[in-house]
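Asks: Take a look at upload_25.txt, compact mmCIF, C-alpha atoms:
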# COMPACT_ATOMS: atom_id res chain seq x y z
CA MET R 142 21.04 18.80 -23.54
CA ASN R 143 18.33 20.61 -21.58
CA ALA R 144 15.84 19.92 -24.36
CA VAL R 145 16.64 16.21 -24.22
CA ALA R 146 16.20 16.17 -20.44
CA TYR R 147 12.93 18.10 -20.80
CA CYS R 148 11.62 15.62 -23.42
CA PHE R 149 12.68 12.69 -21.19
CA MET R 150 10.92 14.17 -18.15
CA ASN R 151 7.82 14.87 -20.25
CA ALA R 152 7.75 11.31 -21.56
CA MET R 153 8.09 9.96 -18.00
CA GLU R 154 5.31 12.21 -16.75
CA SER R 155 2.96 11.26 -19.55
CA GLU R 156 3.71 7.57 -18.94
CA ALA R 157 2.98 8.00 -15.23
CA SER R 158 -0.25 9.87 -15.93
CA ALA R 159 -1.29 7.24 -18.49
CA THR R 160 -0.65 4.61 -15.82
CA ALA R 161 -2.72 6.62 -13.32
CA ARG R 162 -5.61 6.91 -15.81
CA GLY R 163 -5.46 3.17 -16.52
CA LEU R 164 -5.45 2.35 -12.83
CA ARG R 165 -8.48 4.55 -12.26
CA ARG R 166 -10.26 2.59 -15.02
CA ARG R 167 -8.96 -0.68 -13.50
CA ASP R 168 -7.72 -1.60 -16.95
CA PRO R 169 -6.80 -5.32 -16.75
CA ASP R 170 -4.41 -5.14 -19.72
CA LEU R 171 -2.46 -2.36 -18.06
CA LEU R 172 -2.31 -4.37 -14.84
CA ASP R 173 -1.04 -7.42 -16.75
CA ARG R 174 1.73 -5.29 -18.23
CA LEU R 175 2.64 -3.74 -14.88
CA ILE R 176 2.76 -7.15 -13.19
CA GLU R 177 5.17 -8.38 -15.86
CA GLN R 178 7.23 -5.22 -15.78
CA TYR R 179 7.71 -5.15 -12.01
CA GLN R 180 7.62 -8.88 -11.25
CA HIS R 181 11.29 -9.36 -10.38
CA ARG R 182 11.85 -6.06 -8.64
CA LEU R 183 8.74 -6.30 -6.49
CA LEU R 184 9.28 -9.92 -5.52
CA ARG R 185 12.92 -9.28 -4.65
CA TYR R 186 11.92 -6.32 -2.49
CA LEU R 187 9.24 -8.36 -0.74
CA MET R 188 11.63 -11.26 -0.22
CA TYR R 189 14.16 -9.08 1.52
CA LEU R 190 11.46 -7.22 3.43
CA SER R 191 9.64 -10.28 4.74
CA GLY R 192 12.66 -12.62 4.88
CA ASN R 193 10.62 -15.51 3.52
CA ARG R 194 10.06 -16.62 -0.09
CA GLU R 195 6.59 -18.15 0.35
CA LEU R 196 5.32 -15.16 2.28
CA ALA R 197 6.83 -12.85 -0.33
CA GLU R 198 4.90 -14.68 -3.08
CA ASP R 199 1.62 -14.31 -1.15
CA LEU R 200 2.34 -10.65 -0.52
CA PHE R 201 3.22 -10.20 -4.20
CA GLN R 202 -0.30 -11.31 -5.19
CA GLU R 203 -1.94 -9.28 -2.44
CA THR R 204 0.02 -6.20 -3.48
CA TRP R 205 -1.40 -6.35 -7.01
CA ILE R 206 -4.92 -6.89 -5.67
CA ARG R 207 -4.46 -3.78 -3.56
CA VAL R 208 -3.08 -1.89 -6.57
CA LEU R 209 -6.27 -2.86 -8.41
CA GLU R 210 -8.52 -1.77 -5.55
CA ARG R 211 -6.70 1.44 -4.68
CA GLY R 212 -5.28 2.38 -8.07
CA HIS R 213 -7.30 5.60 -8.02
CA GLN R 214 -5.05 6.82 -5.20
CA TYR R 215 -1.99 6.90 -7.49
CA ASP R 216 -1.75 10.50 -8.69
CA GLY R 217 0.65 9.98 -11.62
CA LYS R 218 2.94 12.76 -10.37
CA HIS R 219 5.58 10.39 -9.02
CA GLU R 220 7.17 7.22 -10.34
CA PHE R 221 4.74 4.29 -10.28
CA SER R 222 7.43 2.08 -8.72
CA THR R 223 7.68 4.39 -5.68
CA TRP R 224 3.94 4.10 -5.08
CA LEU R 225 4.04 0.36 -5.71
CA TYR R 226 6.80 -0.19 -3.14
CA ALA R 227 4.89 1.91 -0.61
CA VAL R 228 1.78 -0.24 -1.16
CA ALA R 229 3.83 -3.45 -0.81
CA ARG R 230 5.55 -2.13 2.29
CA ASN R 231 2.31 -1.16 4.04
CA LEU R 232 0.79 -4.51 3.17
CA THR R 233 3.81 -6.37 4.55
CA ILE R 234 3.77 -4.36 7.77
CA ASP R 235 0.00 -4.93 8.15
CA TYR R 236 0.50 -8.65 7.63
CA LEU R 237 3.42 -8.89 10.05
CA ARG R 238 1.54 -6.89 12.67
CA LYS R 239 -1.42 -9.24 12.42
CA LYS R 240 0.76 -12.33 12.43
CA HIS R 241 3.30 -11.26 15.03
CA PRO R 242 2.88 -7.99 16.90
CA VAL R 243 6.35 -6.67 16.01
CA SER R 244 7.47 -3.72 13.94
CA LEU R 245 9.52 -3.97 10.79
CA ASP R 246 12.47 -2.79 12.88
CA GLY R 247 12.08 -5.78 15.14
CA LEU R 248 11.58 -8.26 12.33
CA MET R 249 15.08 -9.66 12.32
CA GLU R 250 15.01 -10.31 16.04
CA ASN R 251 12.81 -13.25 15.17
CA GLU R 252 15.23 -16.05 14.34
CA GLU R 253 12.70 -18.31 12.68
CA HIS R 254 13.05 -16.46 9.37
CA ALA R 255 15.14 -18.77 7.24
CA PRO R 256 17.85 -17.29 5.02
CA LEU R 257 16.67 -16.61 1.49
CA GLU R 258 17.54 -18.93 -1.30
CA PRO R 259 18.65 -17.08 -4.39
CA ALA R 260 16.91 -18.05 -7.63
CA ASP R 261 18.30 -20.99 -9.56
CA THR R 262 20.99 -20.27 -12.08
CA ARG R 263 21.84 -22.36 -15.11
CA PRO R 264 23.89 -25.41 -14.07
CA MET R 265 27.50 -26.35 -14.20
CA ALA R 266 29.61 -23.67 -15.88
CA TRP R 267 32.39 -22.61 -13.55
CA GLU R 268 31.56 -18.89 -13.74
CA VAL R 269 27.93 -19.62 -13.07
CA LEU R 270 28.88 -21.63 -10.00
CA LEU R 271 31.02 -18.78 -8.73
CA GLN R 272 28.23 -16.31 -9.38
CA HIS R 273 25.83 -18.58 -7.53
CA GLU R 274 28.15 -18.77 -4.52
CA GLN R 275 28.62 -15.02 -4.59
CA ALA R 276 24.83 -14.50 -4.79
CA GLU R 277 24.32 -16.84 -1.83
CA ARG R 278 26.94 -14.99 0.20
CA VAL R 279 25.37 -11.62 -0.59
CA SER R 280 21.87 -12.91 0.18
CA ALA R 281 22.97 -14.41 3.47
CA ALA R 282 24.78 -11.21 4.44
CA LEU R 283 21.80 -9.12 3.43
CA VAL R 284 19.28 -11.06 5.51
CA SER R 285 21.59 -10.92 8.51
CA ILE R 286 21.40 -7.13 8.82
CA PRO R 287 18.43 -5.45 10.55
CA ALA R 288 15.33 -5.07 8.40
CA GLU R 289 15.22 -1.28 8.24
CA TYR R 290 18.84 -1.12 6.97
CA ARG R 291 18.29 -4.03 4.60
CA GLU R 292 15.22 -2.38 3.13
CA THR R 293 17.08 0.87 2.47
CA VAL R 294 20.06 -0.91 0.93
CA VAL R 295 17.81 -3.03 -1.32
CA LEU R 296 15.74 -0.04 -2.46
CA ARG R 297 18.86 2.01 -3.21
CA PHE R 298 21.26 -0.45 -4.74
CA GLN R 299 19.04 -3.18 -6.15
CA GLU R 300 15.93 -1.28 -7.13
CA GLY R 301 17.78 1.92 -7.99
CA LEU R 302 15.45 4.32 -6.16
CA ALA R 303 16.64 7.85 -5.41
CA LEU R 304 17.05 8.86 -1.78
CA ASP R 305 13.90 11.02 -1.74
CA GLU R 306 11.93 8.16 -3.30
CA ILE R 307 13.16 5.82 -0.55
CA ALA R 308 12.05 8.43 1.99
CA MET R 309 8.59 8.44 0.38
CA VAL R 310 8.33 4.65 0.35
CA THR R 311 9.51 4.16 3.92
CA GLY R 312 7.99 7.32 5.37
CA ALA R 313 11.34 8.13 7.02
CA PRO R 314 13.05 11.55 6.89
CA LEU R 315 15.78 11.98 4.28
CA GLY R 316 18.48 12.21 6.96
CA THR R 317 17.37 8.87 8.41
CA VAL R 318 17.47 7.29 4.96
CA LYS R 319 21.03 8.52 4.43
CA SER R 320 22.17 7.24 7.79
CA ARG R 321 20.46 3.87 7.27
CA LEU R 322 22.12 3.57 3.89
CA TYR R 323 25.56 4.31 5.31
CA ARG R 324 25.16 2.01 8.30
CA GLY R 325 23.50 -0.70 6.24
CA LEU R 326 26.30 -0.69 3.69
CA ASN R 327 28.90 -0.82 6.48
CA MET R 328 27.13 -3.76 8.12
CA LEU R 329 26.85 -5.54 4.81
CA MET R 330 30.54 -5.03 4.06
CA SER R 331 31.60 -6.32 7.44
CA ARG R 332 29.29 -9.37 7.19
CA LEU R 333 30.69 -10.19 3.77
CA LYS R 334 34.23 -9.78 5.07
CA GLU R 335 33.45 -12.12 7.97
CA ALA R 336 31.95 -14.66 5.56
CA GLN R 337 35.06 -14.58 3.38
CA ALA R 338 37.45 -14.86 6.32
CA MET D 65 42.92 15.11 8.52
CA THR D 66 40.14 14.74 11.10
CA ARG D 67 38.16 11.63 11.84
CA ASP D 68 35.04 13.57 10.83
CA ALA D 69 36.46 14.06 7.36
CA HIS D 70 36.90 10.30 6.89
CA ASP D 71 33.40 9.59 8.22
CA GLY D 72 32.01 12.29 5.96
CA ALA D 73 33.80 10.83 2.96
CA ARG D 74 32.51 7.34 3.70
CA GLU D 75 28.98 8.60 4.10
CA LEU D 76 29.24 10.27 0.71
CA ILE D 77 30.59 7.03 -0.80
CA ALA D 78 27.54 5.18 0.56
CA LEU D 79 25.17 7.74 -0.96
CA GLY D 80 26.64 6.91 -4.37
CA GLU D 81 25.22 8.77 -7.35
CA SER D 82 23.08 11.21 -5.43
CA LEU D 83 25.90 13.68 -4.70
CA SER D 84 26.06 17.31 -5.72
CA ASP D 85 28.97 18.55 -7.88
CA ALA D 86 30.63 20.18 -4.88
CA GLN D 87 30.36 16.98 -2.82
CA GLN D 88 31.80 14.94 -5.69
CA ALA D 89 34.73 17.32 -6.07
CA TRP D 90 35.46 17.24 -2.35
CA LEU D 91 35.19 13.43 -2.26
CA ARG D 92 37.55 13.06 -5.23
CA SER D 93 40.17 15.24 -3.62
CA HIS D 94 39.80 13.39 -0.31
CA LEU D 95 40.16 10.01 -2.00
CA ASP D 96 43.32 11.21 -3.78
CA GLU D 97 44.88 11.92 -0.41
CA CYS D 98 43.45 9.17 1.81
CA GLU D 99 44.40 5.60 1.05
CA ALA D 100 42.09 4.05 3.68
CA CYS D 101 39.01 5.79 2.29
CA GLY D 102 40.12 4.78 -1.21
CA HIS D 103 40.13 1.13 -0.11
CA TYR D 104 36.73 1.67 1.50
CA ALA D 105 35.38 3.11 -1.75
CA GLU D 106 36.67 0.10 -3.72
CA ALA D 107 35.15 -2.36 -1.23
CA ALA D 108 31.83 -0.50 -1.24
CA GLY D 109 31.86 -0.51 -5.05
CA ARG D 110 32.38 -4.29 -5.07
CA VAL D 111 29.48 -4.82 -2.65
CA VAL D 112 27.17 -2.56 -4.65
CA ARG D 113 28.09 -4.36 -7.90
CA ALA D 114 27.43 -7.70 -6.19
CA LEU D 115 24.03 -6.43 -5.00
CA ARG D 116 23.12 -5.21 -8.47
CA SER D 117 24.09 -8.52 -10.05
CA GLN D 118 21.91 -10.56 -7.67
CA PRO D 119 19.80 -12.97 -9.76
CA LEU D 120 16.17 -12.08 -10.34
CA ALA D 121 13.70 -14.34 -8.68
CA ALA D 122 10.09 -14.26 -9.94
CA ASP D 123 8.87 -17.21 -11.99
CA SER D 124 6.26 -17.31 -14.72
CA ARG D 125 3.86 -19.45 -12.64
CA LEU D 126 3.58 -16.75 -10.00
CA VAL D 127 3.14 -14.03 -12.61
CA ARG D 128 0.39 -15.94 -14.45
CA ALA D 129 -1.42 -16.80 -11.21
CA THR D 130 -1.27 -13.15 -10.12
CA GLN D 131 -2.52 -11.89 -13.48
CA MET D 132 -5.44 -14.34 -13.41
CA ARG D 133 -6.31 -13.44 -9.84
CA VAL D 134 -6.16 -9.73 -10.57
CA ARG D 135 -8.36 -10.14 -13.68
CA PHE D 136 -10.86 -12.21 -11.74
CA HIS D 137 -10.94 -9.69 -8.91
CA ALA D 138 -11.32 -6.84 -11.41
CA SER D 139 -14.33 -8.54 -12.99
CA ARG D 140 -15.85 -9.06 -9.54
CA LEU D 141 -15.37 -5.41 -8.68
CA ARG D 142 -16.92 -4.43 -12.02
CA GLU D 143 -19.93 -6.70 -11.43
CA THR D 144 -20.39 -5.31 -7.93
CA ARG D 145 -20.22 -1.76 -9.27
CA GLU D 146 -22.76 -2.58 -12.00
CA ARG D 147 -25.09 -4.17 -9.46
CA LEU D 148 -24.78 -1.20 -7.14
CA TRP D 149 -25.54 1.08 -10.07
CA LEU D 150 -28.63 -0.98 -10.92
CA VAL D 151 -29.77 -0.96 -7.30
CA GLY D 152 -29.22 2.80 -7.17
CA MET D 153 -31.19 3.36 -10.36
CA ALA D 154 -33.98 1.09 -9.11
CA CYS D 155 -34.16 3.04 -5.85
CA LEU D 156 -34.32 6.29 -7.79
CA GLY D 157 -37.09 4.91 -10.04
CA VAL D 158 -39.07 3.61 -7.08
CA GLY D 159 -38.68 6.91 -5.24
CA LEU D 160 -39.88 8.92 -8.22
CA SER D 161 -42.84 6.68 -9.02
CA ALA D 162 -43.80 6.58 -5.32
CA THR D 163 -43.75 10.37 -5.14
CA LEU D 164 -46.06 10.51 -8.13
CA THR D 165 -48.46 7.70 -7.26
CA VAL D 166 -48.77 7.75 -3.45
CA PRO D 167 -51.12 10.77 -3.32
CA PHE D 168 -53.44 9.14 -5.87
CA LEU D 169 -53.33 5.80 -4.05
CA TRP D 170 -54.08 7.54 -0.77
CA ARG D 171 -57.15 9.17 -2.28
CA LEU D 172 -58.19 5.88 -3.87
CA PHE D 173 -57.94 4.08 -0.50
CA ALA D 174 -59.87 6.88 1.18
CA TRP D 175 -62.60 6.64 -1.45
CA LEU D 176 -62.70 2.81 -1.17
CA GLY D 177 -62.88 3.08 2.63
CA GLU D 178 -65.83 5.48 2.38
CA TRP D 179 -67.53 3.33 -0.25
CA ALA D 180 -67.11 0.16 1.87
CA GLY D 181 -68.15 2.00 5.04
CA VAL D 182 -65.07 0.99 7.12
CA SER D 183 -63.37 3.18 9.68
CA SER D 184 -60.41 5.27 8.56
CA TRP D 185 -57.76 3.23 10.44
CA VAL D 186 -58.79 0.11 8.47
CA TRP D 187 -58.22 1.61 5.04
CA GLN D 188 -55.09 3.39 6.33
CA ALA D 189 -53.72 0.05 7.59
CA GLY D 190 -54.57 -1.49 4.20
CA PHE D 191 -52.71 1.33 2.48
CA ALA D 192 -49.65 0.89 4.71
CA PHE D 193 -49.62 -2.87 4.10
CA LEU D 194 -49.83 -2.43 0.32
CA SER D 195 -47.00 0.12 0.47
CA ILE D 196 -44.56 -2.08 2.35
CA ALA D 197 -45.62 -5.49 0.98
CA PRO D 198 -43.40 -5.39 -2.17
CA ALA D 199 -40.32 -4.40 -0.13
CA LEU D 200 -41.05 -7.17 2.41
CA VAL D 201 -41.42 -9.79 -0.34
CA VAL D 202 -38.19 -8.73 -2.08
CA SER D 203 -36.26 -8.67 1.22
CA ALA D 204 -37.51 -12.14 2.13
CA LEU D 205 -36.50 -13.45 -1.32
CA LEU D 206 -33.02 -11.89 -1.07
CA LEU D 207 -32.49 -13.27 2.42
CA ALA D 208 -33.59 -16.72 1.28
CA ARG D 209 -31.11 -16.56 -1.62
CA GLY D 210 -28.21 -15.07 0.32
CA THR D 211 -26.91 -11.57 -0.15
CA HIS D 212 -26.84 -10.51 -3.80
CA LEU D 213 -23.84 -8.14 -3.54
CA THR D 214 -21.07 -10.50 -2.46
CA SER D 215 -19.43 -13.57 -3.86
CA ASN D 216 -16.71 -15.88 -2.60
CA GLY D 217 -15.48 -16.93 -6.02
CA GLU D 218 -12.15 -15.13 -5.60
CA LYS D 219 -10.80 -17.85 -3.37
CA GLN D 220 -10.39 -20.28 -6.23
CA TRP D 221 -7.20 -18.48 -7.40
CA ARG D 222 -5.47 -18.66 -4.07
Would you encode the structure as structure tokens?

Replies:
Amino acid sequence: MNAVAYCFMNAMESEASATARGLRRRDPDLLDRLIEQYQHRLLRYLMYLSGNRELAEDLFQETWIRVLERGHQYDGKHEFSTWLYAVARNLTIDYLRKKHPVSLDGLMENEEHAPLEPADTRPMAWEVLLQHEQAERVSAALVSIPAEYRETVVLRFQEGLALDEIAMVTGAPLGTVKSRLYRGLNMLMSRLKEAQA
Amino acid sequence: MTRDAHDGARELIALGESLSDAQQAWLRSHLDECEACGHYAEAAGRVVRALRSQPLAADSRLVRATQMRVRFHASRLRETRERLWLVGMACLGVGLSATLTVPFLWRLFAWLGEWAGVSSWVWQAGFAFLSIAPALVVSALLLARGTHLTSNGEKQWR
């Protein structure tokens, strides 16, 4: 069992260091592959972070340009996704600061952010319709909670990051991440309950 | 059972899979005894499953546009780096050749000045002009053409 875990860790490390080497070379094929691999996860994260689909798409492109320019800063010792989310987060905060002088924490106080529209699903089948409604409810509930809680919930439950990875991405202490996760989940549950009532 | 115990249990439920063995054991025993926290765990599980089954959102148009933009930007960065390397090498070459030739040129100008019978400041001014003339000409040409190290081509992918 330990040997399997060791091999798995080794494979992950060598993949991360190969990614780091490729980024230092600015290998365009590697970047193409990474863009495809992380397209959904990154866009979803940016959508929930910025609260706006169009802005998220712009930030998606800018994030990859920044990955290209600053790829040499990725050390290959951590998961690439953790570094990628940190880059995307800093870019989003920079953009929002330039656009509106508010912090990420104050983002949701601005009511002009329209609720997100979930991606289209295939039409008609009854289950698909139910899923679509459920997705809309979850999206609406998610965008209604404050941004710092939403971000933690998305990183943990949608992107599957570990708590220490979330702490690295957000730059918050581990205790804060835990408390945001707990409070965020509670808020989400109560918003969903309200929506169902 | 204290209120703290319920809060603690719910916090552990929210943390999900990142619990230690001892925490998991304690949580299991608490959930066996506490119906309210059991309901909370079920509700939290439903919300987490709903979050994980949220549809994915990126489309191929965005991915292709991003890949093209990144490739274009990468080629621009490469070109800029190559140009900077060329400029650096040219500066090095000029510096070396100047170090080698300036003393000879100085003596040549001094000899020409003596031969023509002009005062020393005249041939020294001539020497200074000849030294800076190539740099002045190249600078004027580059300014007339616009800077050679930047390009605005990236905007076409936006």

Asks: Closest to Tyr215 in chain R among R:Ala159, R:Ile176, R:Leu164, R:Met188, using only C-alpha atoms?

Replies: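 The closest residue to Tyr215 in chain R is R:Leu164.
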
Asks: For chain R, report every residue with an atom at most 6 Å from chain D (counting only C-alpha atoms), formatted as an MDAnalysis selection string.

Replies: chainID R and resid 169 173 181 202 206 260 276 299 323

Asks: Please, which residues are within 9 Å of (9.6, -16.4, -1.9) by the file's coordinates, counting only C-alpha atoms, and could they come as a ChimeraX atom specification?

Replies: /R:184-185,187-188,192-199,257-258 /D:121-122

Asks: What's the separation between CA of Leu322 in chain R and CA of Asp96 in chain D, in Å to one decimal place?

Replies: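 Rounded to one decimal, the two atoms are 23.8 Å apart.
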
Asks: Need the shell around range 216-226 of chain R: protein/DNA/RNA residues with any atom at most 9 Å away, counting all atoms listed in the file. Skip same-chain ones fewer than 2 positions apart. Format as a PyMOL selection string?

Replies: chain R and resi 153-162+179+183+186-187+204-205+208+212-214+228-231+296+302+306-307+309-311

Asks: One decimal, Å: what's the distance from CA of Arg171 in chain D over to CA of Gly152 in chain D, could you say?

Replies: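 Interatomic distance, CA of Arg171 in chain D to CA of Gly152 in chain D: 29.1 Å.
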
Asks: Have range 195-206 of chain D completed to N, CA and C atoms, please, and pass it along as a PDB file, keeping the file's coordinate frame.

Replies:
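The resulting part21.pdb:
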ATOM      1  N   SER D 195     -48.222  -0.646   0.753  1.00  0.00           N
ATOM      2  CA  SER D 195     -47.000   0.120   0.470  1.00  0.00           C
ATOM      3  C   SER D 195     -45.744  -0.676   0.808  1.00  0.00           C
ATOM      4  N   ILE D 196     -45.807  -1.395   1.940  1.00  0.00           N
ATOM      5  CA  ILE D 196     -44.560  -2.080   2.350  1.00  0.00           C
ATOM      6  C   ILE D 196     -44.507  -3.530   1.879  1.00  0.00           C
ATOM      7  N   ALA D 197     -45.609  -4.079   1.379  1.00  0.00           N
ATOM      8  CA  ALA D 197     -45.620  -5.490   0.980  1.00  0.00           C
ATOM      9  C   ALA D 197     -44.559  -5.821  -0.079  1.00  0.00           C
ATOM     10  N   PRO D 198     -44.410  -5.032  -1.164  1.00  0.00           N
ATOM     11  CA  PRO D 198     -43.400  -5.390  -2.170  1.00  0.00           C
ATOM     12  C   PRO D 198     -41.991  -5.426  -1.584  1.00  0.00           C
ATOM     13  N   ALA D 199     -41.662  -4.434  -0.729  1.00  0.00           N
ATOM     14  CA  ALA D 199     -40.320  -4.400  -0.130  1.00  0.00           C
ATOM     15  C   ALA D 199     -40.111  -5.612   0.776  1.00  0.00           C
ATOM     16  N   LEU D 200     -41.158  -6.002   1.529  1.00  0.00           N
ATOM     17  CA  LEU D 200     -41.050  -7.170   2.410  1.00  0.00           C
ATOM     18  C   LEU D 200     -40.814  -8.439   1.602  1.00  0.00           C
ATOM     19  N   VAL D 201     -41.560  -8.576   0.496  1.00  0.00           N
ATOM     20  CA  VAL D 201     -41.420  -9.790  -0.340  1.00  0.00           C
ATOM     21  C   VAL D 201     -40.016  -9.864  -0.914  1.00  0.00           C
ATOM     22  N   VAL D 202     -39.517  -8.733  -1.469  1.00  0.00           N
ATOM     23  CA  VAL D 202     -38.190  -8.730  -2.080  1.00  0.00           C
ATOM     24  C   VAL D 202     -37.114  -9.017  -1.027  1.00  0.00           C
ATOM     25  N   SER D 203     -37.246  -8.417   0.156  1.00  0.00           N
ATOM     26  CA  SER D 203     -36.260  -8.670   1.220  1.00  0.00           C
ATOM     27  C   SER D 203     -36.249 -10.136   1.621  1.00  0.00           C
ATOM     28  N   ALA D 204     -37.433 -10.725   1.754  1.00  0.00           N
ATOM     29  CA  ALA D 204     -37.510 -12.140   2.130  1.00  0.00           C
ATOM     30  C   ALA D 204     -36.858 -13.008   1.060  1.00  0.00           C
ATOM     31  N   LEU D 205     -37.097 -12.678  -0.223  1.00  0.00           N
ATOM     32  CA  LEU D 205     -36.500 -13.450  -1.320  1.00  0.00           C
ATOM     33  C   LEU D 205     -34.976 -13.327  -1.291  1.00  0.00           C
ATOM     34  N   LEU D 206     -34.472 -12.103  -1.093  1.00  0.00           N
ATOM     35  CA  LEU D 206     -33.020 -11.890  -1.070  1.00  0.00           C
ATOM     36  C   LEU D 206     -32.369 -12.609   0.105  1.00  0.00           C
TER      37      LEU D 206
END
